[in-house]
Every structure is written in C-alpha cells, then in structure tokens.
file target10.cif (mmCIF, C-alpha atoms)
data_target
#
loop_
_atom_site.label_atom_id
_atom_site.label_comp_id
_atom_site.auth_asym_id
_atom_site.auth_seq_id
_atom_site.Cartn_x
_atom_site.Cartn_y
_atom_site.Cartn_z
CA MET W 1 38.39 82.27 128.33
CA PRO W 2 39.36 85.95 127.68
CA ALA W 3 42.85 84.73 126.78
CA LEU W 4 41.45 82.29 124.28
CA SER W 5 39.32 84.99 122.85
CA HIS W 6 42.35 87.23 122.57
CA SER W 7 44.26 84.48 120.87
CA ARG W 8 41.44 83.86 118.46
CA GLN W 9 41.23 87.52 117.69
CA ASN W 10 44.90 87.55 116.93
CA ALA W 11 44.54 84.47 114.77
CA ALA W 12 41.70 86.13 112.92
CA ILE W 13 43.75 89.27 112.37
CA LEU W 14 46.67 87.20 111.26
CA LEU W 15 44.57 85.26 108.86
CA THR W 16 43.00 88.37 107.45
CA LEU W 17 46.33 90.09 106.99
CA LEU W 18 47.87 87.02 105.43
CA VAL W 19 44.99 86.48 103.05
CA LEU W 20 45.01 90.11 102.03
CA GLN W 21 48.71 90.09 101.44
CA TRP W 22 48.59 86.75 99.68
CA PHE W 23 46.04 88.27 97.39
CA LEU W 24 48.29 91.28 96.85
CA MET W 25 51.26 89.01 96.21
CA SER W 26 49.40 86.79 93.80
CA ASP W 27 48.01 89.75 91.99
CA SER W 28 51.39 91.36 91.81
CA ALA W 29 53.05 88.14 90.67
CA ARG W 30 50.41 87.68 88.01
CA ARG W 31 50.87 91.23 86.77
CA HIS W 32 54.66 91.01 87.03
CA GLY W 33 54.54 94.30 88.88
CA GLY W 34 53.32 96.00 92.01
CA SER W 35 49.75 96.36 93.06
CA PRO W 36 49.26 100.02 92.13
CA ALA W 37 46.47 100.97 94.50
CA VAL W 38 47.89 99.72 97.78
CA GLU W 39 51.47 100.34 96.83
CA GLY W 40 50.61 103.85 95.72
CA LEU W 41 48.85 104.47 99.02
CA VAL W 42 51.78 103.21 101.06
CA MET W 43 54.11 105.22 98.93
CA ARG W 44 52.12 108.42 99.32
CA VAL W 45 51.88 108.01 103.05
CA SER W 46 55.51 107.17 103.61
CA ALA W 47 57.04 109.38 100.94
CA PRO W 48 57.82 112.29 103.29
CA GLY W 49 59.93 109.97 105.43
CA VAL W 50 61.85 108.71 102.44
CA ARG W 51 62.29 112.21 101.10
CA ALA W 52 63.54 113.33 104.49
CA ALA W 53 65.91 110.37 104.56
CA HIS W 54 67.22 111.23 101.14
CA ALA W 55 67.64 114.84 102.12
CA VAL W 56 69.47 113.94 105.32
CA ALA W 57 71.55 111.30 103.55
CA GLY W 58 72.29 113.77 100.81
CA LEU W 59 73.46 116.23 103.40
CA VAL W 60 75.54 113.59 105.14
CA ARG W 61 76.98 112.39 101.86
CA GLY W 62 77.61 115.96 100.79
CA GLY W 63 79.26 116.67 104.09
CA VAL W 64 81.37 113.52 103.93
CA ASN W 65 82.28 114.17 100.31
CA GLY W 66 82.96 117.76 101.13
CA ALA W 67 85.18 116.77 104.02
CA ARG W 68 86.88 114.16 101.88
CA ASN W 69 87.34 116.63 99.06
CA LEU W 70 88.53 119.21 101.53
CA LEU W 71 91.03 116.76 102.91
CA ALA W 72 92.11 115.76 99.42
CA ALA W 73 92.28 119.40 98.45
CA HIS W 74 94.30 120.13 101.56
CA VAL W 75 96.73 117.31 100.75
CA ARG W 76 96.83 118.40 97.13
CA ASN W 77 97.21 121.99 98.19
CA THR W 78 100.12 121.12 100.44
CA ALA W 79 101.75 119.18 97.62
CA LEU W 80 101.08 122.03 95.22
CA GLU W 81 102.47 124.54 97.66
CA VAL W 82 105.65 122.51 97.90
CA GLU W 83 105.69 122.21 94.13
CA VAL W 84 105.07 125.93 93.71
CA GLN W 85 107.85 126.64 96.13
CA GLN W 86 110.15 124.34 94.21
CA LEU W 87 109.08 125.90 90.94
CA ARG W 88 109.57 129.37 92.34
CA THR W 89 113.03 128.43 93.44
CA GLU W 90 113.64 126.87 90.07
CA LEU W 91 112.25 129.95 88.35
CA VAL W 92 114.52 132.21 90.33
CA ARG W 93 117.42 129.95 89.47
CA VAL W 94 116.44 129.88 85.82
CA ARG W 95 115.95 133.63 85.78
CA GLU W 96 119.30 133.94 87.38
CA ALA W 97 120.80 131.52 84.89
CA GLU W 98 119.12 133.07 81.85
CA PRO W 99 121.17 136.26 81.69
CA GLU W 100 124.20 134.33 82.78
CA ASN W 101 123.55 131.90 79.98
CA LEU W 102 123.11 134.75 77.54
CA ARG W 103 126.29 136.37 78.67
CA LEU W 104 128.16 133.11 78.51
CA ARG W 105 126.76 132.36 75.10
CA ARG W 106 127.84 135.74 73.93
CA LEU W 107 131.18 135.17 75.51
CA LEU W 108 131.37 131.79 73.87
CA GLY W 109 130.40 133.26 70.57
CA MET W 110 132.95 135.96 71.03
CA ARG W 111 135.44 133.37 72.08
CA GLU W 112 134.78 131.38 68.97
CA ASP W 113 135.29 134.49 66.91
CA LEU W 114 138.46 135.33 68.65
CA ALA W 115 141.67 133.93 67.44
CA PRO W 116 143.47 134.12 70.79
CA ARG W 117 142.98 131.41 73.32
CA SER W 118 140.92 132.60 76.15
CA VAL W 119 139.43 131.49 79.41
CA ALA W 120 136.16 132.58 80.85
CA ALA W 121 136.22 133.80 84.40
CA THR W 122 133.72 134.83 86.96
CA ILE W 123 134.17 137.97 88.96
CA VAL W 124 134.70 137.10 92.56
CA THR W 125 135.08 140.53 94.06
CA ALA W 126 134.89 144.00 92.64
CA ASN W 127 136.04 147.40 93.79
CA LEU W 128 134.34 149.94 91.65
CA GLY W 129 134.47 152.91 93.96
CA GLY W 130 137.14 155.50 94.53
CA GLY W 131 140.25 155.81 92.44
CA THR W 132 140.99 152.14 92.21
CA ARG W 133 138.77 150.16 89.93
CA VAL W 134 139.67 146.52 90.04
CA VAL W 135 137.93 143.19 90.03
CA VAL W 136 139.20 139.79 91.08
CA VAL W 137 138.34 136.83 88.92
CA ASP W 138 138.42 133.11 89.68
CA ARG W 139 141.10 132.20 87.19
CA GLY W 140 144.82 132.17 87.80
CA THR W 141 148.11 130.84 86.59
CA ARG W 142 146.67 127.34 86.79
CA ASP W 143 144.39 128.33 83.95
CA GLY W 144 147.12 129.98 81.96
CA VAL W 145 146.42 133.52 83.09
CA ARG W 146 149.44 135.78 83.23
CA ASP W 147 150.17 139.35 84.10
CA ALA W 148 148.94 141.89 81.57
CA CYS W 149 146.51 139.51 79.92
CA PRO W 150 143.74 141.57 78.38
CA VAL W 151 140.29 140.98 79.78
CA VAL W 152 137.21 141.49 77.70
CA ALA W 153 133.49 140.98 78.01
CA TRP W 154 130.53 141.09 75.75
CA GLY W 155 130.38 144.73 74.88
CA GLY W 156 134.07 145.47 74.82
CA ALA W 157 137.32 145.71 76.67
CA VAL W 158 137.27 145.39 80.42
CA GLY W 159 140.84 145.88 81.53
CA ARG W 160 143.96 143.87 82.05
CA VAL W 161 145.38 141.51 84.59
CA VAL W 162 147.66 143.27 87.02
CA SER W 163 148.38 140.46 89.43
CA VAL W 164 147.76 136.77 89.39
CA ASP W 165 148.10 133.75 91.60
CA ALA W 166 147.28 130.11 91.03
CA ARG W 167 143.52 130.50 91.28
CA HIS W 168 142.75 134.18 91.03
CA ALA W 169 143.68 137.18 89.03
CA LYS W 170 143.24 140.86 89.68
CA VAL W 171 142.02 142.88 86.75
CA ARG W 172 142.42 146.62 86.52
CA LEU W 173 139.48 148.09 84.72
CA LEU W 174 139.75 150.65 81.96
CA THR W 175 138.07 153.15 84.21
CA ASP W 176 140.83 152.89 86.78
CA ALA W 177 142.81 156.09 86.98
CA SER W 178 146.05 154.32 86.20
CA SER W 179 144.66 152.38 83.29
CA GLY W 180 145.38 153.12 79.65
CA VAL W 181 144.68 151.50 76.32
CA ALA W 182 145.30 152.51 72.74
CA GLY W 183 142.05 153.46 71.09
CA ILE W 184 140.80 154.35 67.69
CA VAL W 185 137.65 156.04 66.48
CA GLN W 186 135.98 153.36 64.47
CA ARG W 187 134.50 155.64 61.84
CA SER W 188 137.39 158.04 61.15
CA ARG W 189 140.36 155.96 62.37
CA ALA W 190 141.49 158.80 64.61
CA GLN W 191 143.77 157.39 67.28
CA GLY W 192 144.62 158.24 70.84
CA ILE W 193 145.21 156.85 74.31
CA VAL W 194 142.19 156.06 76.35
CA GLU W 195 142.65 156.54 80.06
CA GLY W 196 140.53 156.02 83.08
CA GLN W 197 139.45 158.87 85.28
CA ALA W 198 138.62 156.99 88.44
CA GLY W 199 135.03 157.57 87.57
CA ALA W 200 132.42 156.26 85.24
CA ALA W 201 133.80 158.02 82.17
CA LEU W 202 136.94 157.60 80.10
CA GLN W 203 138.93 160.11 78.17
CA MET W 204 140.87 159.76 74.97
CA LEU W 205 144.03 161.84 74.90
CA TYR W 206 146.45 162.84 72.22
CA VAL W 207 143.91 163.02 69.50
CA PRO W 208 145.07 165.52 66.88
CA ARG W 209 142.86 168.56 66.54
CA TYR W 210 142.28 167.92 62.85
CA SER W 211 141.06 164.42 63.51
CA ASP W 212 137.48 163.76 62.55
CA VAL W 213 135.77 162.93 65.80
CA LEU W 214 132.07 163.39 66.29
CA HIS W 215 129.75 163.03 69.19
CA GLY W 216 128.51 159.46 69.32
CA ASP W 217 131.43 157.95 67.44
CA ARG W 218 132.41 154.56 68.62
CA VAL W 219 135.88 154.07 70.01
CA VAL W 220 137.51 150.66 69.95
CA THR W 221 140.88 149.25 70.85
CA SER W 222 143.48 149.83 68.20
CA GLY W 223 145.85 147.02 69.20
CA LEU W 224 148.80 149.36 69.12
CA ASP W 225 149.47 149.09 72.86
CA GLY W 226 150.52 145.48 72.53
CA ILE W 227 148.01 144.44 75.15
CA PHE W 228 144.55 144.46 73.61
CA PRO W 229 143.82 143.05 70.21
CA ARG W 230 142.16 145.44 67.81
CA GLY W 231 138.48 146.08 67.68
CA PHE W 232 137.21 145.65 71.22
CA GLY W 233 134.72 148.31 72.05
CA ILE W 234 135.67 150.96 74.55
CA GLY W 235 132.83 153.41 74.40
CA ARG W 236 131.13 156.21 72.55
CA VAL W 237 132.21 159.81 72.30
CA SER W 238 130.22 161.86 74.72
CA SER W 239 132.03 165.19 74.39
CA ILE W 240 135.06 166.73 72.69
CA VAL W 241 137.28 169.35 74.27
CA GLU W 242 140.08 171.08 72.36
CA ASP W 243 143.15 171.81 74.38
CA PRO W 244 145.57 174.71 73.72
CA PHE W 245 148.33 172.35 72.60
CA GLY W 246 146.85 171.45 69.29
CA ALA W 247 145.12 168.34 70.42
CA GLN W 248 141.64 167.47 71.56
CA THR W 249 140.46 165.50 74.49
CA VAL W 250 137.60 163.18 73.74
CA HIS W 251 135.39 162.11 76.59
CA ILE W 252 134.02 158.65 76.23
CA ALA W 253 131.10 156.94 77.85
CA PRO W 254 132.12 153.30 78.37
CA GLU W 255 130.19 150.72 76.47
CA LEU W 256 130.35 148.34 79.35
CA GLU W 257 128.36 148.61 82.49
CA TYR W 258 131.15 147.63 84.81
CA ALA W 259 128.94 147.48 87.83
CA SER W 260 126.91 144.70 86.30
CA LEU W 261 129.78 142.60 85.04
CA GLU W 262 129.76 139.05 86.30
CA GLU W 263 131.74 137.07 83.76
CA VAL W 264 134.66 138.08 81.67
CA LEU W 265 136.95 136.49 79.16
CA ILE W 266 140.67 136.54 79.72
CA LEU W 267 142.66 136.46 76.51
CA LEU W 268 145.61 134.17 77.02
CA ASP W 269 147.57 134.52 73.81
CA ASP W 270 150.11 137.20 73.22
CA PRO W 271 147.98 139.89 71.67
CA ALA W 272 150.82 141.22 69.58
CA GLY W 273 151.00 138.00 67.65
CA SER W 274 147.40 137.04 67.54
CA ALA W 275 145.46 140.20 67.13
CA VAL W 276 142.61 139.84 64.79
CA SER W 277 140.41 142.45 63.38
CA ARG W 278 137.28 142.83 65.37
CA GLU W 279 136.17 145.82 63.49
CA GLY W 280 133.20 145.37 61.30
CA ALA W 281 132.06 142.33 63.19
CA GLY W 282 132.54 144.30 66.34
CA VAL W 283 131.97 143.18 69.85
CA GLN W 284 128.57 144.64 69.87
CA PRO W 285 125.84 143.34 72.05
CA MET I 1 49.41 107.04 121.71
CA SER I 2 50.90 103.62 121.12
CA ALA I 3 49.86 103.86 117.46
CA VAL I 4 51.62 107.19 117.14
CA ARG I 5 54.67 105.75 118.79
CA ALA I 6 54.60 102.77 116.47
CA ALA I 7 54.27 105.07 113.49
CA LEU I 8 57.21 107.08 114.74
CA VAL I 9 59.31 103.96 115.23
CA LEU I 10 58.45 102.83 111.73
CA ALA I 11 59.20 106.26 110.35
CA VAL I 12 62.59 106.28 112.03
CA ALA I 13 63.33 102.81 110.68
CA LEU I 14 62.24 103.84 107.20
CA VAL I 15 64.35 106.99 107.32
CA LEU I 16 67.35 104.99 108.50
CA GLN I 17 66.93 102.33 105.85
CA ALA I 18 66.41 104.86 103.08
CA GLY I 19 69.26 106.99 104.32
CA LEU I 20 71.58 104.00 104.50
CA GLY I 21 70.56 103.06 100.99
CA LYS I 22 71.44 106.46 99.72
CA LEU I 23 74.74 106.58 101.55
CA PHE I 24 75.67 102.97 100.84
CA PRO I 25 73.80 101.64 97.80
CA HIS I 26 74.55 97.99 98.67
CA SER I 27 73.51 98.30 102.29
CA HIS I 28 70.10 96.64 101.70
CA ARG I 29 71.91 93.41 101.10
CA TYR I 30 73.45 93.46 104.56
CA VAL I 31 71.05 95.31 106.80
CA ASP I 32 67.29 95.49 107.10
CA VAL I 33 66.38 98.17 109.59
CA LEU I 34 62.66 97.71 109.03
CA LEU I 35 62.91 94.28 110.61
CA VAL I 36 64.00 95.80 113.90
CA PRO I 37 60.63 97.32 114.91
CA VAL I 38 58.97 93.97 114.29
CA ALA I 39 61.40 92.29 116.63
CA LEU I 40 61.15 94.99 119.25
CA TYR I 41 57.38 95.03 119.23
CA GLY I 42 57.35 91.27 119.31
CA VAL I 43 59.26 91.14 122.58
CA THR I 44 58.06 94.30 124.25
CA SER I 45 54.48 94.57 123.12
CA SER I 46 51.55 92.39 122.22
CA GLN I 47 51.34 89.77 119.53
CA ARG I 48 48.78 91.87 117.68
CA ALA I 49 51.07 94.87 117.72
CA ALA I 50 53.91 92.75 116.41
CA MET I 51 51.74 91.43 113.59
CA LEU I 52 50.54 94.89 112.61
CA MET I 53 54.01 96.25 112.87
CA GLY I 54 55.26 93.38 110.71
CA CYS I 55 52.50 94.00 108.17
CA VAL I 56 53.22 97.72 107.83
CA ALA I 57 56.99 97.31 107.95
CA GLY I 58 56.72 94.62 105.29
CA LEU I 59 54.56 96.78 103.06
CA LEU I 60 57.01 99.64 103.45
CA THR I 61 59.82 97.29 102.52
CA ASP I 62 57.86 96.07 99.51
CA THR I 63 57.08 99.58 98.45
CA TRP I 64 60.51 101.12 98.79
CA PHE I 65 63.10 98.41 98.86
CA GLN I 66 61.83 95.29 97.11
CA GLY I 67 61.32 94.55 93.48
CA GLY I 68 59.45 91.28 93.98
CA PRO I 69 55.73 90.67 94.37
CA PHE I 70 54.10 93.40 96.38
CA GLY I 71 52.98 92.09 99.74
CA LEU I 72 55.65 89.42 100.02
CA SER I 73 57.53 91.17 102.79
CA GLY I 74 54.29 92.17 104.45
CA PHE I 75 53.17 88.57 104.42
CA LYS I 76 56.50 87.34 105.83
CA ARG I 77 56.67 89.88 108.57
CA THR I 78 53.09 89.55 109.59
CA LEU I 79 53.74 85.88 110.04
CA LEU I 80 56.99 86.59 111.84
CA GLY I 81 55.26 89.06 114.14
CA TRP I 82 52.71 86.44 115.04
CA ALA I 83 55.44 83.88 115.64
CA LEU I 84 57.33 86.34 117.79
CA GLY I 85 54.25 86.95 119.86
CA VAL I 86 53.95 83.23 120.42
CA ALA I 87 57.65 82.89 121.27
CA ALA I 88 57.56 85.85 123.62
CA THR I 89 54.90 84.13 125.72
CA ARG I 90 57.13 81.08 126.17
CA PHE I 91 60.63 82.59 126.46
CA ASP I 92 62.08 85.64 128.12
CA LEU I 93 63.38 87.40 125.06
CA ASN I 94 63.26 90.89 126.48
CA GLN I 95 66.85 91.02 127.67
CA PRO I 96 70.04 91.87 125.74
CA VAL I 97 71.12 88.35 124.79
CA GLY I 98 67.59 87.38 123.96
CA ARG I 99 67.17 90.43 121.77
CA VAL I 100 70.37 89.80 119.87
CA THR I 101 69.44 86.16 119.33
CA LEU I 102 65.92 87.07 118.39
CA GLY I 103 67.07 89.69 115.89
CA ALA I 104 69.49 87.27 114.27
CA LEU I 105 66.96 84.43 114.09
CA LEU I 106 64.32 86.78 112.80
CA SER I 107 66.58 87.90 109.98
CA ILE I 108 67.39 84.31 109.03
CA ALA I 109 63.75 83.34 109.22
CA ASP I 110 62.84 86.32 107.07
CA ASP I 111 65.26 85.17 104.36
CA ALA I 112 64.09 81.58 104.64
CA LEU I 113 60.45 82.60 104.32
CA ASP I 114 61.36 84.75 101.38
CA LEU I 115 62.82 81.71 99.63
CA VAL I 116 59.80 79.60 100.37
CA LEU I 117 57.26 82.20 99.31
CA ARG I 118 59.10 82.99 96.12
CA GLY I 119 59.18 79.32 95.39
CA LEU I 120 55.43 79.07 95.95
CA LEU I 121 54.77 82.07 93.76
CA ASP I 122 57.19 80.80 91.14
CA VAL I 123 59.21 83.97 91.44
CA PRO I 124 63.00 83.86 91.03
CA PRO I 125 64.65 83.55 94.45
CA ALA I 126 66.57 86.44 95.92
CA PHE I 127 68.83 84.59 98.31
CA PRO I 128 71.54 87.03 99.42
CA GLY I 129 74.21 84.36 99.95
CA PRO I 130 75.53 82.82 103.16
CA VAL I 131 77.89 85.63 104.04
CA ALA I 132 75.28 88.31 103.52
CA LEU I 133 72.80 86.17 105.40
CA LEU I 134 75.10 85.97 108.41
CA VAL I 135 76.01 89.64 108.24
CA ARG I 136 72.32 90.55 108.04
CA ALA I 137 71.59 88.32 110.99
CA GLY I 138 74.41 89.80 113.06
CA LEU I 139 73.51 93.35 112.22
CA CYS I 140 69.82 92.75 112.81
CA GLY I 141 70.56 91.22 116.20
CA SER I 142 72.76 94.16 117.12
CA LEU I 143 70.19 96.69 115.96
CA VAL I 144 67.45 94.98 117.92
CA ALA I 145 69.62 95.05 121.01
CA VAL I 146 70.43 98.73 120.53
CA GLY I 147 66.81 99.55 119.79
CA GLY I 148 65.78 97.67 122.93
CA LEU I 149 68.20 99.70 125.01
CA ILE I 150 66.81 102.91 123.59
CA LEU I 151 63.27 101.79 124.30
CA ASP I 152 64.22 100.77 127.85
CA ARG I 153 65.78 104.15 128.51
CA GLY I 154 62.69 105.88 127.14
CA ARG I 155 60.44 103.83 129.36
CA ARG I 156 62.54 104.57 132.44
CA ARG I 157 62.41 108.31 131.76
CA ALA I 158 58.67 108.46 131.15
CA PRO I 159 57.59 107.54 134.75
CA ALA I 160 60.25 109.86 136.12
CA ARG I 161 58.83 112.72 134.07
CA ARG I 162 55.32 111.87 135.15
CA ALA I 163 56.42 111.77 138.80
CA ALA I 164 58.14 115.12 138.46
CA VAL I 165 55.00 116.66 137.00
#

call {"tool": "encode", "arguments": {"input": "target10.cif", "output": "structure tokens"}}
result
Amino acid sequence: MPALSHSRQNAAILLTLLVLQWFLMSDSARRHGGSPAVEGLVMRVSAPGVRAAHAVAGLVRGGVNGARNLLAAHVRNTALEVEVQQLRTELVRVREAEPENLRLRRLLGMREDLAPRSVAATIVTANLGGGTRVVVVDRGTRDGVRDACPVVAWGGAVGRVVSVDARHAKVRLLTDASSGVAGIVQRSRAQGIVEGQAGAALQMLYVPRYSDVLHGDRVVTSGLDGIFPRGFGIGRVSSIVEDPFGAQTVHIAPELEYASLEEVLILLDDPAGSAVSREGAGVQP
Amino acid sequence: MSAVRAALVLAVALVLQAGLGKLFPHSHRYVDVLLVPVALYGVTSSQRAAMLMGCVAGLLTDTWFQGGPFGLSGFKRTLLGWALGVAATRFDLNQPVGRVTLGALLSIADDALDLVLRGLLDVPPAFPGPVALLVRAGLCGSLVAVGGLILDRGRRRAPARRAAV
C-alpha cells in the first residue's frame, strides 16, 4: 500500500511537472519565444554557473591559444633565427663584396679607360714590413703576365712585377727600397725619380732646385722609365728638402694605402708603345 | 543534503556544458552533459529525484542551450526521469555496462522525444542527423559511466570518513 502511494505520488508529480511544462511549451510556441518569467528565473539562478564556465573556458581557451601561439611563435622564432643568421651571413658577405665590387668597378672603369691590355689580379700574400715590400698576386704567365709588367690600382701606381710563374706573380711595390719610377709633378711638370724608402713614404730625387714644387702637389708617373704609362698617381708632396748639389729632394706621401690593397690591375701591353695620357682624367678615386 | 548535492551535480554539468560550448562551439550537437545527471539519478536514486533532476536539467538546457519552445527539454527529461525510475525497478542498471547502455538509450530517446514533441507543437524539427545521434549516444553513455564511477568512489569514501571521525 505504501508503495502504491509512493507510485501515485510520483505519478502526480510527473503529471504536474508535465502539465506545467506543456503549458510553458505551448505558451512559448505561441509566442515564438521563451516564457520570460520562468526562463528569466532559471537564468538568474543559474547565471553564476554559466559565467564561471565561461570564465574557466576563457582561461582554458586563452591558455591553449597562448600555448599554441607560443609554440607557433617558437617555431617562427626558430625559423626567423635561422633566417636572421642567413641574412647576417649574407650581409657580411655583401658588405665584404661591396667594397670589393667598388674597387673592381673602379678597376674596370680604369681598365676601360686604359689603352693597354690588362688583367685584374687579387693579392694572395703581402709583405709590407721591413725593407722588402712585395705582394704576390694570383695571375701569372698563363694570364699573359710577364716580368716588369706595371701594376696599378685605383688610386695610382702600385709597383711592377719582379718574378712570375704560371699562376702567380710577385710585385715589388713602389715603397720597396729598391723600387724606382719616373715621376712628374702634375701641376708644374717638374720631373724626377721616385724611389721607395722601405717605409710608408716615397722620395722624389733629382728634381732641379729651380723646379716649381709645392707642398701638396700631386706627383704622377711620367712614363719616361719605359715601365709605367704616364699619369698614374704616385702621391702628394709632403715636404721638400734642398740638397747642396743643386737639387731638391721631394718627400711624397703615397696616394695608395698599400696595406689595404686587395685587387690590382696588371698592365700587359708594352708601356712604351701604349702609354696613354692619364693626366687630366687622372686615376683619382 | 541530497538537494544540495543534486544542485551541485547540476551546477557541475551546467558548467561543463557551457564550458564545452565556449571551447568548442559545435559541441552541443555531439554531447549533452546535462543529460548525465538525469541518467545517474535515475539509476542511483529515486524515481522522484530522477524526474525532478530531469525537469531542472531540461529547464537549464532550454534556458541556455536551446532555441526551441521553452519547457520542451524539461518536459522530455521529466518524462525520461520517470521512465528511468520505472526501468531501474525492473533492471539492474547500476553497473558499468548498464550505465553505458542507459546513457546511450537515454540520449536516443531524448532526440526521439524531441522530434515527436516538436511535431506536436508544429515546431520545425531539430534532428541532429544519424552520425551526431550516434556520437551523442556514445558520448552520453561514456559520460554516464564515468559519472557513475565518480559517484561510486564518493560513496565509498563517505562511510570511511564517517568511521574515521
């Protein structure tokens, strides 16, 4: 009997709930919307739970997105680091190539201006200390280089070939103590022999005392030595010393920075027959 | 105490359903967490509790997750709670396989009732499709089984705590 009563109670509850909800449904369907009062009540009561869920889900989503973004950023960062490294390497290479390119362009321009055939060469080794001032370049007889070929660079005369094999040539620089080249003061046409001093400076000998030479005058090759064509820059007058024999010794600061030379141009033609005037146009940087 | 517990269970289910919806906007199509308390109370508690749980869970579903007539889910789940109470007196559903089966059947019945009621109310049907129906059933069965395990563990700990005190 109690069980039956219990069952009836349940049936009554069920019926009540169903009728109430049927009423809510019908009302809602008739209105084409929710039943504001009950729905509002349920919403108000349960809103904190939903808000909490949204907050937690937002945190989870934020965390997941953050982790995903972090991972993506890490991957991207790794790729960018590799790219930056590559670009850095490339930049160093380009920076390295830029002055080389400039020098080569100048050399090329100079080469185009020059009548003699020439070959560009890269300095392989250099000895710029002590009395001997020589460099070895990567061109030899295979490239048409011969003994005594004049070697120039952007900025002026470098020296001349003193020994050569198939692939390499040794160039004695103007600053070498045993080096000499015929020079001329560009402004006044005063001539002399420019010799090395086994140091950074050059000196121009046999310049007549009456010659018009001033501090800062530019000295270029005169072409009279049969080695260098005319007009390649040698340097600028840094000081003038009169000697007791009726001449004056002119000290010259070389135009070229020999220590920073990397490429040179070896003139292949016989300079005596192919000398062209470089004066005026000059081999000025 | 049992009312508080029921409220807590419902709150957890609501939080889970809402959270899932925020994380996965299409999750409502495949999982209905608020059906789980109805199933659990149907097999572990009284028929009246299952009906009330179904009523409240349905109203929560109507309020937060349904766009149809308000009260439709409440009506369905009240009825399902009553049916569960009847079934629980005849079959032993309070074991893992029974819970999984019950959860799955409950989900299918929920969708079937939805179709029928919408038809009666002349409201466009919202049938999720066979695949979604099966996925919902599978997930609901799994959730009921998991929820049952959690409830079982809670019940085993409670006497132990009381004995320790």

call {"tool": "closest_residue", "arguments": {"input": "target10.cif", "among": "I:Pro37, I:Gly141, I:Pro25, I:Gly58", "to": "Thr101 in chain I", "atoms": "only C-alpha atoms"}}
result
I:Gly141

call {"tool": "resolve_selection", "arguments": {"input": "target10.cif", "expression": "the PyMOL selection byres ((chain W) within 9 of (chain I))", "output": "short mmCIF file (atom, residue, chain, number, x, y, z; two decimals) with C-alpha atoms, keeping the file's coordinate frame"}}
result
data_model
loop_
_atom_site.label_atom_id
_atom_site.label_comp_id
_atom_site.auth_asym_id
_atom_site.auth_seq_id
_atom_site.Cartn_x
_atom_site.Cartn_y
_atom_site.Cartn_z
CA SER W 7 44.26 84.48 120.87
CA GLN W 9 41.23 87.52 117.69
CA ASN W 10 44.90 87.55 116.93
CA ALA W 11 44.54 84.47 114.77
CA ILE W 13 43.75 89.27 112.37
CA LEU W 14 46.67 87.20 111.26
CA LEU W 17 46.33 90.09 106.99
CA LEU W 18 47.87 87.02 105.43
CA VAL W 19 44.99 86.48 103.05
CA LEU W 20 45.01 90.11 102.03
CA GLN W 21 48.71 90.09 101.44
CA TRP W 22 48.59 86.75 99.68
CA PHE W 23 46.04 88.27 97.39
CA LEU W 24 48.29 91.28 96.85
CA MET W 25 51.26 89.01 96.21
CA SER W 26 49.40 86.79 93.80
CA ASP W 27 48.01 89.75 91.99
CA SER W 28 51.39 91.36 91.81
CA ALA W 29 53.05 88.14 90.67
CA ARG W 30 50.41 87.68 88.01
CA HIS W 32 54.66 91.01 87.03
CA GLY W 33 54.54 94.30 88.88
CA GLY W 34 53.32 96.00 92.01
CA SER W 35 49.75 96.36 93.06
CA VAL W 38 47.89 99.72 97.78
CA GLU W 39 51.47 100.34 96.83
CA GLY W 40 50.61 103.85 95.72
CA VAL W 42 51.78 103.21 101.06
CA MET W 43 54.11 105.22 98.93
CA SER W 46 55.51 107.17 103.61
CA GLY W 49 59.93 109.97 105.43
CA VAL W 50 61.85 108.71 102.44
CA ARG W 51 62.29 112.21 101.10
CA ALA W 52 63.54 113.33 104.49
CA ALA W 53 65.91 110.37 104.56
CA HIS W 54 67.22 111.23 101.14
CA ALA W 55 67.64 114.84 102.12
CA VAL W 56 69.47 113.94 105.32
CA ALA W 57 71.55 111.30 103.55
CA GLY W 58 72.29 113.77 100.81
CA VAL W 60 75.54 113.59 105.14
CA ARG W 61 76.98 112.39 101.86
#

call {"tool": "resolve_selection", "arguments": {"input": "target10.cif", "expression": "the PyMOL selection byres ((chain W and resi 139-154) around 9)", "output": "ChimeraX atom specification"}}
result
/W:103-104,106-107,110,118-122,136-138,155-169,171,173,227-229,232,256,261,263-271,283-285

call {"tool": "resolve_selection", "arguments": {"input": "target10.cif", "expression": "the PyMOL selection byres ((chain I and resi 128) around 12)", "output": "PyMOL selection string"}}
result
chain I and resi 26-31+107-108+110-112+114-115+125-127+129-137

call {"tool": "residues_around", "arguments": {"input": "target10.cif", "residues": "range 175-192 of chain W", "least_positions_apart": "2", "cutoff": "6 Å", "atoms": "only C-alpha atoms", "output": "compact mmCIF listing (two decimals) with C-alpha atoms, in the frame of the given file"}}
result
# COMPACT_ATOMS: atom_id res chain seq x y z
CA THR W 132 140.99 152.14 92.21
CA ARG W 133 138.77 150.16 89.93
CA LEU W 173 139.48 148.09 84.72
CA VAL W 194 142.19 156.06 76.35
CA GLU W 195 142.65 156.54 80.06
CA GLY W 196 140.53 156.02 83.08
CA GLN W 197 139.45 158.87 85.28
CA ALA W 198 138.62 156.99 88.44
CA MET W 204 140.87 159.76 74.97
CA LEU W 205 144.03 161.84 74.90
CA TYR W 206 146.45 162.84 72.22
CA VAL W 207 143.91 163.02 69.50
CA SER W 211 141.06 164.42 63.51
CA ASP W 212 137.48 163.76 62.55
CA ARG W 218 132.41 154.56 68.62
CA VAL W 219 135.88 154.07 70.01
CA VAL W 220 137.51 150.66 69.95
CA THR W 221 140.88 149.25 70.85
CA SER W 222 143.48 149.83 68.20
CA LEU W 224 148.80 149.36 69.12
CA ASP W 225 149.47 149.09 72.86
